[in-house]
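See below for my_file_17.tsv, which holds TSV, C-alpha atoms.
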```tsv
chain	number	residue	atom	x	y	z
E	133	LEU	CA	111.67	115.98	91.28
E	134	LEU	CA	111.63	118.51	88.48
E	135	GLY	CA	112.73	121.18	90.94
E	136	LEU	CA	115.73	119.08	91.94
E	137	LEU	CA	116.59	118.48	88.31
E	138	ARG	CA	116.28	122.20	87.59
E	139	GLY	CA	118.72	122.93	90.41
E	140	ARG	CA	121.52	121.08	88.64
E	141	GLY	CA	124.17	123.36	87.20
E	142	ASP	CA	124.92	121.29	84.09
E	143	LEU	CA	121.68	121.91	82.14
E	144	ASP	CA	121.62	123.85	78.90
E	145	ALA	CA	119.32	126.89	78.70
E	146	ALA	CA	116.67	125.18	76.54
E	147	THR	CA	116.33	122.22	78.91
E	148	ALA	CA	116.18	124.51	81.95
E	149	THR	CA	113.42	126.55	80.28
E	150	ASP	CA	111.45	123.37	79.46
E	151	ILE	CA	111.71	122.22	83.08
E	152	ASP	CA	110.55	125.63	84.34
E	153	ARG	CA	107.52	125.51	82.03
E	154	THR	CA	106.66	121.98	83.13
E	155	ILE	CA	106.87	122.94	86.81
E	156	ASP	CA	104.62	125.97	86.24
E	157	ARG	CA	102.12	123.93	84.21
E	158	ARG	CA	101.90	121.19	86.83
E	159	LYS	CA	101.33	123.71	89.61
E	160	ASP	CA	98.47	125.17	87.57
E	161	GLU	CA	96.99	121.73	86.80
E	162	SER	CA	96.95	120.45	90.38
E	163	PRO	CA	93.35	120.91	91.62
E	164	VAL	CA	94.23	119.50	95.03
E	165	GLN	CA	95.92	122.64	96.35
E	166	PRO	CA	93.69	124.72	98.63
E	167	VAL	CA	92.78	128.24	97.71
E	168	PRO	CA	95.70	130.32	99.04
E	169	GLY	CA	94.97	132.06	102.32
E	170	HIS	CA	91.64	130.40	102.96
E	171	GLY	CA	92.77	127.52	105.19
E	172	GLU	CA	90.27	125.29	103.42
E	173	SER	CA	89.59	121.95	105.13
E	174	ALA	CA	90.01	118.70	103.25
E	175	ALA	CA	86.27	118.00	103.40
E	176	ARG	CA	85.44	121.42	102.00
E	177	ARG	CA	88.08	121.06	99.27
E	178	VAL	CA	86.62	117.68	98.30
E	179	ARG	CA	83.10	119.13	98.08
E	180	ARG	CA	84.33	122.13	96.06
E	181	LEU	CA	86.21	119.93	93.60
E	182	HIS	CA	83.28	117.52	93.33
E	183	LYS	CA	80.90	120.39	92.58
E	184	ALA	CA	83.33	121.67	89.91
E	185	LYS	CA	83.56	118.12	88.49
E	186	ALA	CA	87.28	118.21	89.27
E	187	LEU	CA	87.38	115.41	91.86
E	188	THR	CA	89.08	113.21	89.30
E	189	ASP	CA	91.16	110.09	89.61
E	190	ASN	CA	94.18	112.31	88.98
E	191	ALA	CA	93.23	114.62	91.87
E	192	LEU	CA	93.11	111.61	94.20
E	193	ALA	CA	96.41	110.28	92.85
E	194	VAL	CA	98.11	113.64	93.43
E	195	ALA	CA	96.73	113.85	96.97
E	196	LEU	CA	97.82	110.27	97.71
E	197	GLU	CA	101.27	111.01	96.32
E	198	ASN	CA	101.49	114.14	98.48
E	199	GLY	CA	100.49	112.22	101.60
E	200	ASP	CA	97.19	114.08	102.03
E	201	ARG	CA	95.44	111.18	103.76
E	202	THR	CA	92.51	113.25	105.01
E	203	PHE	CA	91.72	114.52	101.51
E	204	VAL	CA	91.93	111.01	100.01
E	205	ILE	CA	89.64	109.52	102.68
E	206	GLU	CA	87.11	112.36	102.31
E	207	ALA	CA	87.20	111.94	98.52
E	208	LEU	CA	86.76	108.17	98.74
E	209	ALA	CA	83.80	108.66	101.06
E	210	LEU	CA	82.11	111.18	98.79
E	211	ARG	CA	82.70	109.21	95.60
E	212	ALA	CA	81.58	105.94	97.24
E	213	GLY	CA	78.54	107.54	98.86
E	214	VAL	CA	79.48	106.52	102.39
E	215	PRO	CA	79.99	108.64	105.51
E	216	ALA	CA	83.58	109.83	106.02
E	217	ALA	CA	83.70	108.10	109.42
E	218	ARG	CA	82.91	104.78	107.72
E	219	ALA	CA	85.59	105.35	105.10
E	220	ARG	CA	88.11	106.12	107.88
E	221	ARG	CA	87.16	102.87	109.64
E	222	MET	CA	87.56	100.96	106.39
E	223	VAL	CA	91.05	102.37	105.89
E	224	SER	CA	92.02	101.78	109.52
E	225	VAL	CA	91.37	98.01	109.41
E	226	LYS	CA	94.26	97.64	106.94
E	227	ASN	CA	92.52	94.98	104.88
E	228	GLY	CA	93.18	94.59	101.16
E	229	LYS	CA	89.70	93.28	100.37
E	230	THR	CA	88.17	96.28	102.11
E	231	MET	CA	90.30	98.74	100.15
E	232	MET	CA	89.51	96.96	96.87
E	233	ALA	CA	85.79	97.16	97.64
E	234	LEU	CA	85.97	100.84	98.65
E	235	ALA	CA	87.90	101.77	95.50
E	236	TRP	CA	85.39	99.86	93.38
E	237	LYS	CA	82.46	101.62	95.05
E	238	ALA	CA	84.22	104.98	94.50
E	239	GLY	CA	84.58	104.25	90.78
E	240	LEU	CA	88.35	103.93	90.86
E	241	SER	CA	90.51	101.34	89.14
E	242	ALA	CA	91.74	98.12	90.69
E	243	ARG	CA	95.27	99.33	89.97
E	244	PHE	CA	94.66	102.47	92.04
E	245	ALA	CA	93.14	100.30	94.78
E	246	MET	CA	96.55	98.65	95.07
E	247	ASP	CA	98.13	102.10	95.58
E	248	LEU	CA	95.51	102.85	98.23
E	249	GLN	CA	96.35	99.62	100.02
E	250	ARG	CA	100.05	100.32	99.99
E	251	THR	CA	100.08	104.06	100.70
E	252	LEU	CA	96.83	105.00	102.42
E	253	ALA	CA	96.05	101.87	104.44
E	254	GLN	CA	99.74	100.98	104.85
E	255	ILE	CA	99.13	97.31	104.21
E	256	PRO	CA	102.35	95.26	104.13
E	257	PRO	CA	103.40	94.21	100.61
E	258	ARG	CA	102.75	90.50	101.17
E	259	ALA	CA	99.18	91.22	102.34
E	260	ILE	CA	98.17	93.44	99.40
E	261	VAL	CA	95.34	92.10	97.26
E	262	ASN	CA	96.47	92.36	93.66
E	263	ALA	CA	94.39	93.36	90.69
E	264	ARG	CA	93.47	90.39	88.52
E	265	ASP	CA	95.70	90.37	85.43
E	266	GLY	CA	97.10	93.66	86.72
E	267	LEU	CA	93.95	95.59	85.79
E	268	ASP	CA	90.69	94.04	86.96
E	269	PHE	CA	89.06	93.75	90.35
E	270	PRO	CA	89.71	90.29	91.79
E	271	PHE	CA	86.18	89.96	93.23
E	272	THR	CA	82.70	89.97	91.75
E	273	PRO	CA	80.46	93.00	92.35
E	274	ALA	CA	78.36	90.84	94.67
E	275	GLU	CA	81.42	89.90	96.74
E	276	MET	CA	82.52	93.53	96.99
E	277	THR	CA	79.02	94.68	97.95
E	278	GLN	CA	78.97	91.98	100.60
E	279	HIS	CA	82.33	93.13	101.94
E	280	LEU	CA	81.19	96.78	102.07
E	281	ALA	CA	78.09	95.70	104.02
E	282	LEU	CA	80.34	94.58	106.88
E	283	PHE	CA	80.98	98.25	107.63
E	284	GLU	CA	77.39	99.48	107.62
E	285	ASP	CA	76.13	100.82	110.92
```
Show me, as structure tokens, the structure contained in the file I just sent.
Amino acid sequence: LLGLLRGRGDLDAATATDIDRTIDRRKDESPVQPVPGHGESAARRVRRLHKAKALTDNALAVALENGDRTFVIEALALRAGVPAARARRMVSVKNGKTMMALAWKAGLSARFAMDLQRTLAQIPPRAIVNARDGLDFPFTPAEMTQHLALFED
């Protein structure tokens, strides 16, 4: 978006410079990008970021925004302590309760769980489970644990 804005011809020099700096800073801040030239897999990137304590909520949000489904699923699995295959199954069922429970287990917010439902699991808007009061998980920890148990092997 900033790149498109920068491409406009009606910006003064100071604004254009500020946009250029912001673009450069955001490129530097994004931990989700693979190391150039290494063809790093999503799973390896997730492990590397986790080891560097950089597998943050922001890293997941950037990956989700960029459509990097594999990275997000691998990150959810690692943060939730479940096998990646199980996390993929949980996403594939397209169930709002499942996504809420997985986000909770991964230590993410209920608000982000709504984004996961919409973008990652592609749950239709009318079927999305909303955060309680816009912020809190709508289920008790026992209910979420029970829901996660449905996917154990």
Could you give me the centre and size, in Å to one decimal, of an axis-aligned box around all listed atoms of segment 240-249 of chain E with 5 Å added on every side, as lines of an AutoDock Vina configuration file?
```
center_x = 93.2
center_y = 101.0
center_z = 94.6
size_x = 19.8
size_y = 15.8
size_z = 20.9
```
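The space separating atom CA of Ala263 of chain E from atom CA of Arg177 of chain E comes to 29.7 Å.
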Skip Glu284 of chain E itself and residues of its chain fewer than 4 positions away, then list as JSON, numbers by chain all residues within 12 Å of it, counting only C-alpha atoms.
{"E": [213, 214, 215, 217, 218, 219, 221, 222, 277, 278, 279, 280]}
What lies within 9 Å of Gln249 of chain E using all atoms listed in the file, ignoring chain neighbours under 3 positions off, as a PDB file with C-alpha atoms, in the frame of the given file?
```
ATOM      1  CA  VAL E 223      91.050 102.370 105.890  1.00  0.00           C
ATOM      2  CA  LYS E 226      94.260  97.640 106.940  1.00  0.00           C
ATOM      3  CA  ASN E 227      92.520  94.980 104.880  1.00  0.00           C
ATOM      4  CA  GLY E 228      93.180  94.590 101.160  1.00  0.00           C
ATOM      5  CA  MET E 231      90.300  98.740 100.150  1.00  0.00           C
ATOM      6  CA  MET E 232      89.510  96.960  96.870  1.00  0.00           C
ATOM      7  CA  PHE E 244      94.660 102.470  92.040  1.00  0.00           C
ATOM      8  CA  ALA E 245      93.140 100.300  94.780  1.00  0.00           C
ATOM      9  CA  MET E 246      96.550  98.650  95.070  1.00  0.00           C
ATOM     10  CA  LEU E 252      96.830 105.000 102.420  1.00  0.00           C
ATOM     11  CA  ALA E 253      96.050 101.870 104.440  1.00  0.00           C
ATOM     12  CA  GLN E 254      99.740 100.980 104.850  1.00  0.00           C
ATOM     13  CA  ILE E 255      99.130  97.310 104.210  1.00  0.00           C
ATOM     14  CA  PRO E 256     102.350  95.260 104.130  1.00  0.00           C
ATOM     15  CA  PRO E 257     103.400  94.210 100.610  1.00  0.00           C
ATOM     16  CA  ILE E 260      98.170  93.440  99.400  1.00  0.00           C
ATOM     17  CA  VAL E 261      95.340  92.100  97.260  1.00  0.00           C
TER      18      VAL E 261
END
```
With all atoms listed in the file as the atoms that count, which of E:Lys229, E:Arg201, E:Arg211, E:Arg258 lies nearest to Ala174 of chain E?
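Among the listed residues, E:Arg201 lies closest to Ala174 of chain E.
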Quick one: distance from atom CA of Arg179 of chain E to atom CA of Leu210 of chain E in Å, one decimal?
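So the answer is 8.0 Å.
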Computed interatomic separation between atom CA of Met276 of chain E and atom CA of Ala233 of chain E (Å):
4.9 Å
Considering all atoms listed in the file, state which residue in the set E:Ala259, E:Thr230, E:Ser241, E:Phe203 is at the smallest distance from Glu275 of chain E.
E:Thr230
